[in-house]
Structures are given as C-alpha cells and as structure tokens.
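**Q** Compact mmCIF, C-alpha atoms, file protein33.txt:
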```
# COMPACT_ATOMS: atom_id res chain seq x y z
CA MET J 1 160.55 -63.66 108.46
CA ALA J 2 163.43 -61.22 108.04
CA THR J 3 164.33 -60.15 104.54
CA PRO J 4 167.48 -58.47 103.15
CA THR J 5 167.55 -54.71 102.88
CA THR J 6 166.88 -53.23 99.43
CA ASP J 7 170.53 -52.42 98.70
CA LEU J 8 171.74 -55.81 99.88
CA ALA J 9 168.97 -57.65 98.07
CA ASP J 10 170.15 -56.14 94.79
CA GLU J 11 173.40 -58.11 95.15
CA LEU J 12 172.04 -61.32 96.71
CA LEU J 13 170.72 -64.31 94.79
CA THR J 14 168.82 -67.44 95.72
CA ILE J 15 170.45 -70.70 94.72
CA ASP J 16 168.17 -70.93 91.67
CA GLU J 17 169.15 -67.41 90.60
CA LEU J 18 172.83 -68.11 91.26
CA ALA J 19 172.78 -71.27 89.13
CA ALA J 20 171.02 -69.43 86.30
CA ALA J 21 173.48 -66.51 86.46
CA VAL J 22 176.52 -68.81 86.23
CA GLY J 23 174.96 -71.10 83.63
CA THR J 24 174.91 -74.29 85.65
CA THR J 25 172.28 -76.38 87.42
CA VAL J 26 171.05 -76.10 90.99
CA ARG J 27 172.20 -79.67 91.57
CA THR J 28 175.75 -78.84 90.42
CA THR J 29 175.74 -75.66 92.50
CA ARG J 30 174.73 -77.62 95.61
CA TYR J 31 177.42 -80.20 94.84
CA TYR J 32 180.12 -77.53 94.58
CA ALA J 33 178.88 -76.03 97.85
CA SER J 34 178.99 -79.45 99.55
CA LEU J 35 182.67 -79.73 98.59
CA GLY J 36 183.39 -76.35 100.13
CA LEU J 37 184.19 -74.73 96.76
CA VAL J 38 181.90 -71.85 97.68
CA PRO J 39 181.44 -70.50 101.23
CA ALA J 40 178.28 -71.00 103.27
CA PRO J 41 175.36 -68.83 102.13
CA LEU J 42 173.93 -65.90 104.03
CA ARG J 43 170.76 -66.87 105.90
CA ARG J 44 167.73 -64.62 106.08
CA GLY J 45 165.17 -66.67 107.95
CA ARG J 46 164.74 -69.91 106.08
CA ILE J 47 166.10 -68.59 102.79
CA ALA J 48 169.76 -68.88 101.78
CA TYR J 49 171.25 -66.03 99.77
CA TYR J 50 174.46 -65.89 97.75
CA GLY J 51 176.49 -62.75 97.06
CA PRO J 52 179.07 -61.61 94.50
CA VAL J 53 181.90 -63.61 96.09
CA HIS J 54 179.82 -66.81 96.00
CA ARG J 55 179.14 -66.15 92.33
CA GLY J 56 182.82 -65.36 91.64
CA ARG J 57 183.99 -68.63 93.22
CA LEU J 58 181.34 -70.64 91.39
CA GLU J 59 182.25 -68.99 88.07
CA LEU J 60 185.91 -69.80 88.69
CA ALA J 61 185.12 -73.44 89.47
CA ARG J 62 182.93 -73.69 86.38
CA ALA J 63 185.55 -72.06 84.13
CA LEU J 64 188.30 -74.37 85.36
CA GLN J 65 186.24 -77.50 84.80
CA ASP J 66 185.16 -76.28 81.36
CA HIS J 67 188.85 -75.95 80.46
CA GLY J 68 189.80 -79.48 81.46
CA PHE J 69 190.77 -79.13 85.12
CA THR J 70 189.88 -82.18 87.21
CA LEU J 71 187.58 -81.68 90.18
CA GLN J 72 190.54 -82.37 92.48
CA ALA J 73 192.55 -79.64 90.75
CA VAL J 74 189.62 -77.22 91.07
CA GLU J 75 189.42 -77.97 94.79
CA ARG J 76 193.15 -77.29 95.23
CA VAL J 77 192.92 -73.97 93.36
CA LEU J 78 189.96 -72.71 95.36
CA ALA J 79 191.39 -73.96 98.66
CA ALA J 80 194.53 -71.89 98.02
CA ILE J 81 192.53 -68.67 97.52
CA PRO J 82 192.15 -66.75 100.82
CA ALA J 83 188.65 -66.68 102.26
CA GLU J 84 188.74 -62.87 102.24
CA ALA J 85 189.52 -62.72 98.50
CA GLY J 86 187.16 -60.38 96.67
CA VAL J 87 185.48 -60.51 93.30
CA GLU J 88 188.49 -58.80 91.69
CA ASP J 89 190.92 -61.45 92.97
CA LEU J 90 188.64 -64.25 91.76
CA ALA J 91 188.38 -62.68 88.30
CA LEU J 92 192.17 -62.37 88.22
CA GLN J 93 192.56 -66.04 89.08
CA ARG J 94 190.08 -66.97 86.34
CA ALA J 95 191.97 -64.88 83.80
CA MET J 96 195.28 -66.53 84.67
CA LEU J 97 194.24 -70.14 85.13
CA THR J 98 191.82 -70.81 82.31
CA SER J 99 193.28 -72.50 79.28
CA TRP J 100 194.79 -70.77 76.25
CA THR J 101 192.90 -73.13 73.95
CA PRO J 102 189.74 -71.71 72.35
CA GLU J 103 187.70 -74.65 73.55
CA PRO J 104 188.16 -77.32 76.23
CA ALA J 105 189.29 -80.84 75.38
CA ALA J 106 186.39 -83.24 74.88
CA VAL J 107 186.41 -86.65 76.61
CA LEU J 108 185.31 -89.25 74.07
CA THR J 109 184.77 -92.99 73.96
CA ARG J 110 186.55 -94.97 71.24
CA ALA J 111 183.36 -94.95 69.17
CA GLU J 112 182.88 -91.20 69.65
CA LEU J 113 186.52 -90.62 68.73
CA GLU J 114 186.05 -92.55 65.49
CA ALA J 115 182.88 -90.57 64.76
CA ARG J 116 184.74 -87.32 65.33
CA ALA J 117 187.62 -88.54 63.12
CA GLY J 118 185.21 -89.67 60.41
CA ARG J 119 186.87 -93.05 60.02
CA VAL J 120 187.52 -96.36 61.72
CA LEU J 121 190.72 -96.13 63.77
CA SER J 122 193.08 -99.01 64.31
CA ASP J 123 195.10 -99.26 67.52
CA ALA J 124 198.09 -98.01 65.53
CA ASP J 125 196.06 -94.99 64.40
CA VAL J 126 195.15 -94.14 67.98
CA ARG J 127 198.78 -94.47 69.05
CA ARG J 128 199.80 -92.07 66.29
CA LEU J 129 197.14 -89.57 67.37
CA VAL J 130 198.57 -89.78 70.89
CA THR J 131 202.10 -89.35 69.53
CA VAL J 132 201.23 -86.10 67.77
CA GLY J 133 199.29 -84.82 70.78
CA ALA J 134 195.89 -84.85 69.08
CA VAL J 135 194.41 -87.07 71.80
CA GLU J 136 195.41 -88.12 75.29
CA PRO J 137 194.25 -91.23 77.17
CA ASP J 138 191.79 -90.35 79.93
CA PRO J 139 192.27 -92.96 82.69
CA ALA J 140 189.27 -91.71 84.67
CA SER J 141 186.79 -92.58 81.90
CA GLY J 142 188.79 -95.13 79.96
CA GLY J 143 188.32 -92.97 76.88
CA TYR J 144 190.33 -90.25 75.20
CA ARG J 145 190.65 -86.51 75.70
CA ALA J 146 190.47 -85.01 72.21
CA GLN J 147 192.36 -81.77 71.66
CA PRO J 148 191.03 -78.93 69.47
CA HIS J 149 193.51 -79.83 66.71
CA LEU J 150 192.22 -83.41 66.39
CA ALA J 151 191.28 -82.81 62.73
CA VAL J 152 194.90 -81.99 61.90
CA GLY J 153 196.06 -85.11 63.73
CA VAL J 154 193.68 -87.24 61.67
CA GLN J 155 195.26 -85.86 58.49
CA VAL J 156 198.68 -86.94 59.80
CA LEU J 157 197.46 -90.55 59.81
CA ASP J 158 197.85 -90.58 56.03
CA VAL J 159 201.30 -88.98 56.01
CA ASP J 160 204.08 -91.41 55.12
CA VAL J 161 206.40 -90.50 57.99
CA PRO J 162 207.66 -92.94 60.67
CA ASP J 163 206.08 -92.62 64.11
CA GLU J 164 209.56 -92.17 65.56
CA SER J 165 210.06 -89.03 63.47
CA LEU J 166 206.70 -87.65 64.55
CA GLY J 167 207.59 -88.37 68.18
CA LEU J 168 210.91 -86.55 67.88
CA ALA J 169 209.22 -83.56 66.28
CA ASP J 170 206.53 -83.47 68.98
CA ALA J 171 209.18 -83.68 71.72
CA ALA J 172 211.12 -80.78 70.18
CA ILE J 173 207.96 -78.66 69.93
CA ARG J 174 206.95 -79.39 73.52
CA ARG J 175 210.45 -78.67 74.83
CA HIS J 176 210.68 -75.26 73.21
CA MET J 177 207.04 -74.36 73.87
CA ASP J 178 207.45 -75.12 77.60
CA ALA J 179 210.42 -72.75 77.79
CA LEU J 180 208.57 -70.07 75.82
CA ALA J 181 205.44 -70.41 77.96
CA ASP J 182 207.51 -70.06 81.16
CA GLU J 183 209.16 -66.88 79.90
CA LEU J 184 205.94 -65.31 78.61
CA THR J 185 204.10 -66.15 81.84
CA THR J 186 206.84 -64.44 83.85
CA ILE J 187 206.49 -61.32 81.69
CA LEU J 188 202.71 -61.33 82.14
CA HIS J 189 203.02 -61.63 85.91
CA THR J 190 205.66 -58.93 86.35
CA GLN J 191 204.50 -56.42 83.74
CA VAL J 192 200.71 -56.77 83.86
CA LEU J 193 199.41 -58.60 86.93
CA GLU J 194 201.67 -57.27 89.66
CA PRO J 195 201.07 -53.59 88.73
CA TYR J 196 197.34 -54.38 88.71
CA ARG J 197 197.50 -55.92 92.19
CA ARG J 198 199.41 -52.92 93.57
CA SER J 199 196.80 -50.43 92.39
CA ALA J 200 193.32 -49.71 93.69
CA THR J 201 190.88 -51.83 91.70
CA SER J 202 187.15 -52.28 91.26
CA PRO J 203 185.03 -55.11 89.81
CA ASP J 204 184.96 -53.22 86.50
CA ASP J 205 188.78 -53.10 86.52
CA ALA J 206 188.84 -56.87 87.05
CA VAL J 207 186.55 -57.43 84.07
CA ARG J 208 188.76 -55.20 81.89
CA LEU J 209 191.86 -57.08 83.04
CA GLU J 210 190.31 -60.42 82.14
CA ARG J 211 189.49 -59.09 78.66
CA THR J 212 193.02 -57.71 78.35
CA VAL J 213 194.57 -61.07 79.24
CA ALA J 214 192.32 -62.82 76.72
CA GLN J 215 193.40 -60.37 74.01
CA LEU J 216 197.05 -60.84 74.94
CA ARG J 217 196.61 -64.59 74.61
CA ARG J 218 195.23 -64.28 71.08
CA LEU J 219 198.00 -61.88 70.06
CA THR J 220 200.63 -64.15 71.60
CA LEU J 221 199.37 -67.21 69.73
CA GLU J 222 199.38 -65.28 66.46
CA ALA J 223 202.88 -63.98 67.20
CA VAL J 224 204.16 -67.50 67.92
CA VAL J 225 202.83 -68.81 64.59
CA SER J 226 204.17 -65.79 62.68
CA GLY J 227 207.52 -65.99 64.46
CA PHE J 228 207.93 -69.66 63.62
CA GLN J 229 207.11 -68.99 59.98
CA ARG J 230 209.77 -66.27 59.83
CA ALA J 231 212.32 -68.48 61.54
CA ALA J 232 211.57 -71.43 59.24
CA ASN J 233 211.93 -69.22 56.16
CA ALA J 234 215.24 -67.92 57.51
CA VAL J 235 216.50 -71.49 58.00
CA ILE J 236 215.53 -72.37 54.43
CA GLN J 237 217.26 -69.27 53.09
CA ARG J 238 220.45 -70.04 55.02
CA SER J 239 220.47 -73.59 53.70
CA LEU J 240 220.17 -72.30 50.12
CA ASP J 241 222.97 -69.79 50.65
CA ARG J 242 225.43 -72.49 51.71
CA PRO J 243 227.90 -73.59 49.01
```
Now, as a test, write the supplied structure out as structure tokens.

**A**
Amino acid sequence: MATPTTDLADELLTIDELAAAVGTTVRTTRYYASLGLVPAPLRRGRIAYYGPVHRGRLELARALQDHGFTLQAVERVLAAIPAEAGVEDLALQRAMLTSWTPEPAAVLTRAELEARAGRVLSDADVRRLVTVGAVEPDPASGGYRAQPHLAVGVQVLDVDVPDESLGLADAAIRRHMDALADELTTILHTQVLEPYRRSATSPDDAVRLERTVAQLRRLTLEAVVSGFQRAANAVIQRSLDRP
C-alpha cells in the first residue's frame, strides 16, 4: 500500500485526526463532507487523508455554526468560496463572517428559557423579551434563541415602562446600529482587508489578521459604548442649558 511522503504526511490527517484537530466528531466531519462543505480527501491506497485546506474549510463551517449560522447559510458561504482558495483566504473569511458577540446564541425550549431566566415566564413576559431583543423565536426548533444579554432583558421585565416605548427604543437602536455597522464594515474592508489581499501573505499572516480583526471588534464595541455615553451626557447638558 502506498503511503504519503514524509513532508506531505506532516500536513495530512486521517479523518479521526482531522476531527480531533477541529474539535468536532468524526460523524459530524463525515456529514459535512457528504454535503460538499469540504472537498474530497486525498487517497493513498485505502486510507483517506485531509490537508490544510480541508481543515480550513471544516474550521470555517464549525465557526459559522457555533455563531448561529444555519446549515443552509453555511453551505451558501462555502459554496461561494472558490475551490482554489487557500488556507489564508479561509482564515480571512472566518475572521469576517463570525459573529461580533462573545458567545453564540443558545437555542432553548420554553422550560430551558425559564430556567435560564430564573423565573416562570408568562406569554407577556416572553413577548417583552422578544421586544427588547433578548430572545428570538426559533421556528426550526419551536423554541427560542437566547441572546447573550438575556439577563439584562429579564431585568427589564420588572421595569414599569409600556411595551410600546420599549419597542420604539429598540427600533431606534437597531436603525442607528445598522447604519453604523455598514459604515464600520466598509472601513474595515477598504482599510484593512483589501490591503491584506493585495500583499503577499502566508498562513501566519492570516492568523495575525484574524487576531487583529478580533481585537478591532473588541475596541469597536468599547468605543460604541463610550461614544454613546458621551453623546447622552452631552444631550443632558444641552437640556439643562436651555432656558
């Protein structure tokens, strides 16, 4: 039986090794492969081997699902990536497409949602949590997709403010955040990603870029909070200065 050369074998993994390296199961890895999310393995006799690109595509698929992307969305993303894309391109896609939230949304049943909230929830309570964006209905499971700020949303249940007011506030926040996100994403693409793509890169460069994007995300979130606080204080000061 033919075996890979020493240099090539250093980069090739069996399916068990690939699954362990990515942090998933062999069953899930085979399932992703059956959907065409990773290319066909390299055959050496009866043994199938997977290289860096296989691992990069599997890591991208895993990262997207961990951050709330549906399997259909993952398929669309990977189908749009050229077959000749290298490890660097895959790392770039992962850096850009994974969520800005520190942890993925959790899909919960009604009972699990109540356990997470630490209280029994009426239908009106659940509607209020949806209104403030703390949970979203998940039609696929019939449950709810709980956002990382669920605990804050639960506290709002006891605030004596009409749901209509909360809805208006949430709509205003979403409207301005969408515009801000569009503008910041454009800056990231033109000032960071495009120069990176135009230069000669290596896998190490791709790893550094992914870390850079993650750091920029944290700084941006902190800047948004700080900027809103300054703006709110300025509004209060202007209101006090009026005769």

**Q** Taking only residues of segment 134-213 of chain J that have an atom at most 10 Å from an atom of segment 218-239 of chain J, what is each one's shortest atom pair and its distance in Å to one decimal, using all atoms listed in the file, in chain and number order, as JSON lines?

**A**
```
{"residue": "J:Met177", "atom": "CA", "partner": "J:Val224", "partner_atom": "CA", "distance": 9.5}
{"residue": "J:Leu180", "atom": "CA", "partner": "J:Val224", "partner_atom": "CA", "distance": 9.4}
{"residue": "J:Leu184", "atom": "CA", "partner": "J:Thr220", "partner_atom": "CA", "distance": 8.9}
{"residue": "J:Val213", "atom": "CA", "partner": "J:Arg218", "partner_atom": "CA", "distance": 8.8}
```

**Q** Set the distance at 12 Å and use all atoms listed in the file: which residues neighbour Gly36 of chain J once local chain neighbours fewer than 4 positions away are removed? I'd like the list as a PyMOL selection string.

**A** chain J and resi 29-32+40-41+54+57-58+61+74-79+83

**Q** I need the residue nearest Arg174 of chain J from this list: J:Gly142, J:Gly133, J:Pro195, J:Pro148. Use all atoms listed in the file for the distance.

**A** J:Gly133

**Q** For a test of reading the model, state the distance in Å between atom CA of Val152 of chain J and atom CA of Leu121 of chain J, rounded to one decimal.

**A**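 According to the coordinates, atom CA of Val152 of chain J and atom CA of Leu121 of chain J are separated by 14.9 Å.
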
**Q** For each of J:Leu193, J:Val207, J:Leu13, J:Val107, take the minimum atom-to-atom distance to Asp66 of chain J, counting all atoms listed in the file, then give the residue where this is smallest.

**A**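 Nearest to Asp66 of chain J: J:Val107.
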
**Q** Find the residues around Asp205 of chain J up to 12 Å (only C-alpha atoms counted), leave out those fewer than 6 positions away in its own chain, and share them as a PDB file with C-alpha atoms, keeping the file's coordinate frame.

**A**
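Generated file (out_36.pdb):
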```pdb
ATOM      1  CA  VAL J  87     185.480 -60.510  93.300  1.00  0.00           C
ATOM      2  CA  GLU J  88     188.490 -58.800  91.690  1.00  0.00           C
ATOM      3  CA  ASP J  89     190.920 -61.450  92.970  1.00  0.00           C
ATOM      4  CA  ALA J  91     188.380 -62.680  88.300  1.00  0.00           C
ATOM      5  CA  LEU J  92     192.170 -62.370  88.220  1.00  0.00           C
ATOM      6  CA  LEU J 193     199.410 -58.600  86.930  1.00  0.00           C
ATOM      7  CA  TYR J 196     197.340 -54.380  88.710  1.00  0.00           C
ATOM      8  CA  ARG J 197     197.500 -55.920  92.190  1.00  0.00           C
ATOM      9  CA  SER J 199     196.800 -50.430  92.390  1.00  0.00           C
ATOM     10  CA  ARG J 211     189.490 -59.090  78.660  1.00  0.00           C
ATOM     11  CA  THR J 212     193.020 -57.710  78.350  1.00  0.00           C
TER      12      THR J 212
END
```

**Q** Which residue, J:Val161, J:Leu97, J:Ala33, J:Ala85, has the smallest gap to Phe69 of chain J when you use only C-alpha atoms?

**A**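 Looking at the shortest contact to Phe69 of chain J, the residue is J:Leu97.
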
**Q** Residues within 10 Å of Ala214 of chain J, please, as a PDB file with C-alpha atoms, in the coordinates of the input. Count only C-alpha atoms; anything in the same chain fewer than 4 positions from it doesn't count.

**A**
```
ATOM      1  CA  ALA J  95     191.970 -64.880  83.800  1.00  0.00           C
ATOM      2  CA  MET J  96     195.280 -66.530  84.670  1.00  0.00           C
ATOM      3  CA  THR J  98     191.820 -70.810  82.310  1.00  0.00           C
ATOM      4  CA  TRP J 100     194.790 -70.770  76.250  1.00  0.00           C
ATOM      5  CA  ARG J 208     188.760 -55.200  81.890  1.00  0.00           C
ATOM      6  CA  LEU J 209     191.860 -57.080  83.040  1.00  0.00           C
ATOM      7  CA  GLU J 210     190.310 -60.420  82.140  1.00  0.00           C
ATOM      8  CA  ARG J 218     195.230 -64.280  71.080  1.00  0.00           C
ATOM      9  CA  LEU J 219     198.000 -61.880  70.060  1.00  0.00           C
ATOM     10  CA  THR J 220     200.630 -64.150  71.600  1.00  0.00           C
TER      11      THR J 220
END
```

**Q** Between atom CA of Ser122 of chain J and atom CA of Arg175 of chain J, measure the distance and give it in Å to one decimal.

**A**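 For atom CA of Ser122 of chain J relative to atom CA of Arg175 of chain J, the distance reads 28.7 Å.
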
**Q** Hey, can you check how far atom CA of Ala169 of chain J sits from atom CA of Thr131 of chain J?

**A**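 Atom CA of Thr131 of chain J lies at a distance of 9.7 Å from atom CA of Ala169 of chain J.
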
**Q** With only C-alpha atoms as the atoms that count, which of J:Ala179, J:Ala106, J:Ile173, J:Val26 lies nearest to Ser141 of chain J?

**A**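 Selected residue with least distance to Ser141 of chain J: J:Ala106.
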
**Q** Return the single residue from J:Ala181, J:Ile81, J:Leu150, J:Val135 that is closest to Leu60 of chain J, with distances computed using only C-alpha atoms.

**A** J:Ile81

**Q** Since fewer atoms than expected are present, regenerate N, CA and C atoms for segment 28-50 of chain J and write them as a tab-separated table (two decimals), keeping the file's coordinate frame.

**A**
```
chain	number	residue	atom	x	y	z
J	28	THR	N	174.29	-79.03	90.48
J	28	THR	CA	175.75	-78.84	90.42
J	28	THR	C	176.19	-77.78	91.43
J	29	THR	N	175.41	-76.72	91.55
J	29	THR	CA	175.74	-75.66	92.50
J	29	THR	C	175.76	-76.21	93.92
J	30	ARG	N	174.75	-77.01	94.27
J	30	ARG	CA	174.73	-77.62	95.61
J	30	ARG	C	175.92	-78.55	95.81
J	31	TYR	N	176.29	-79.27	94.73
J	31	TYR	CA	177.42	-80.20	94.84
J	31	TYR	C	178.71	-79.44	95.10
J	32	TYR	N	178.94	-78.36	94.35
J	32	TYR	CA	180.12	-77.53	94.58
J	32	TYR	C	180.13	-77.01	96.02
J	33	ALA	N	178.97	-76.57	96.49
J	33	ALA	CA	178.88	-76.03	97.85
J	33	ALA	C	179.20	-77.12	98.88
J	34	SER	N	178.74	-78.35	98.61
J	34	SER	CA	178.99	-79.45	99.55
J	34	SER	C	180.47	-79.78	99.65
J	35	LEU	N	181.21	-79.49	98.58
J	35	LEU	CA	182.67	-79.73	98.59
J	35	LEU	C	183.44	-78.57	99.21
J	36	GLY	N	182.72	-77.50	99.55
J	36	GLY	CA	183.39	-76.35	100.13
J	36	GLY	C	184.01	-75.43	99.09
J	37	LEU	N	183.63	-75.59	97.81
J	37	LEU	CA	184.19	-74.73	96.76
J	37	LEU	C	183.63	-73.32	96.83
J	38	VAL	N	182.46	-73.18	97.42
J	38	VAL	CA	181.90	-71.85	97.68
J	38	VAL	C	181.58	-71.78	99.17
J	39	PRO	N	181.70	-70.62	99.78
J	39	PRO	CA	181.44	-70.50	101.23
J	39	PRO	C	179.96	-70.69	101.55
J	40	ALA	N	179.66	-70.82	102.83
J	40	ALA	CA	178.28	-71.00	103.27
J	40	ALA	C	177.46	-69.77	102.88
J	41	PRO	N	176.20	-69.97	102.53
J	41	PRO	CA	175.36	-68.83	102.13
J	41	PRO	C	174.99	-67.96	103.32
J	42	LEU	N	174.45	-66.79	103.01
J	42	LEU	CA	173.93	-65.90	104.03
J	42	LEU	C	172.48	-66.30	104.29
J	43	ARG	N	172.11	-66.44	105.56
J	43	ARG	CA	170.76	-66.87	105.90
J	43	ARG	C	169.90	-65.68	106.29
J	44	ARG	N	168.74	-65.60	105.70
J	44	ARG	CA	167.73	-64.62	106.08
J	44	ARG	C	166.45	-65.42	106.35
J	45	GLY	N	166.26	-65.77	107.62
J	45	GLY	CA	165.17	-66.67	107.95
J	45	GLY	C	165.47	-68.05	107.41
J	46	ARG	N	164.54	-68.57	106.64
J	46	ARG	CA	164.74	-69.91	106.08
J	46	ARG	C	165.36	-69.89	104.69
J	47	ILE	N	165.60	-68.71	104.16
J	47	ILE	CA	166.10	-68.59	102.79
J	47	ILE	C	167.60	-68.35	102.80
J	48	ALA	N	168.31	-69.06	101.93
J	48	ALA	CA	169.76	-68.88	101.78
J	48	ALA	C	170.02	-67.96	100.60
J	49	TYR	N	170.90	-66.99	100.82
J	49	TYR	CA	171.25	-66.03	99.77
J	49	TYR	C	172.74	-66.10	99.47
J	50	TYR	N	173.07	-65.84	98.21
J	50	TYR	CA	174.46	-65.89	97.75
J	50	TYR	C	174.83	-64.54	97.15
```
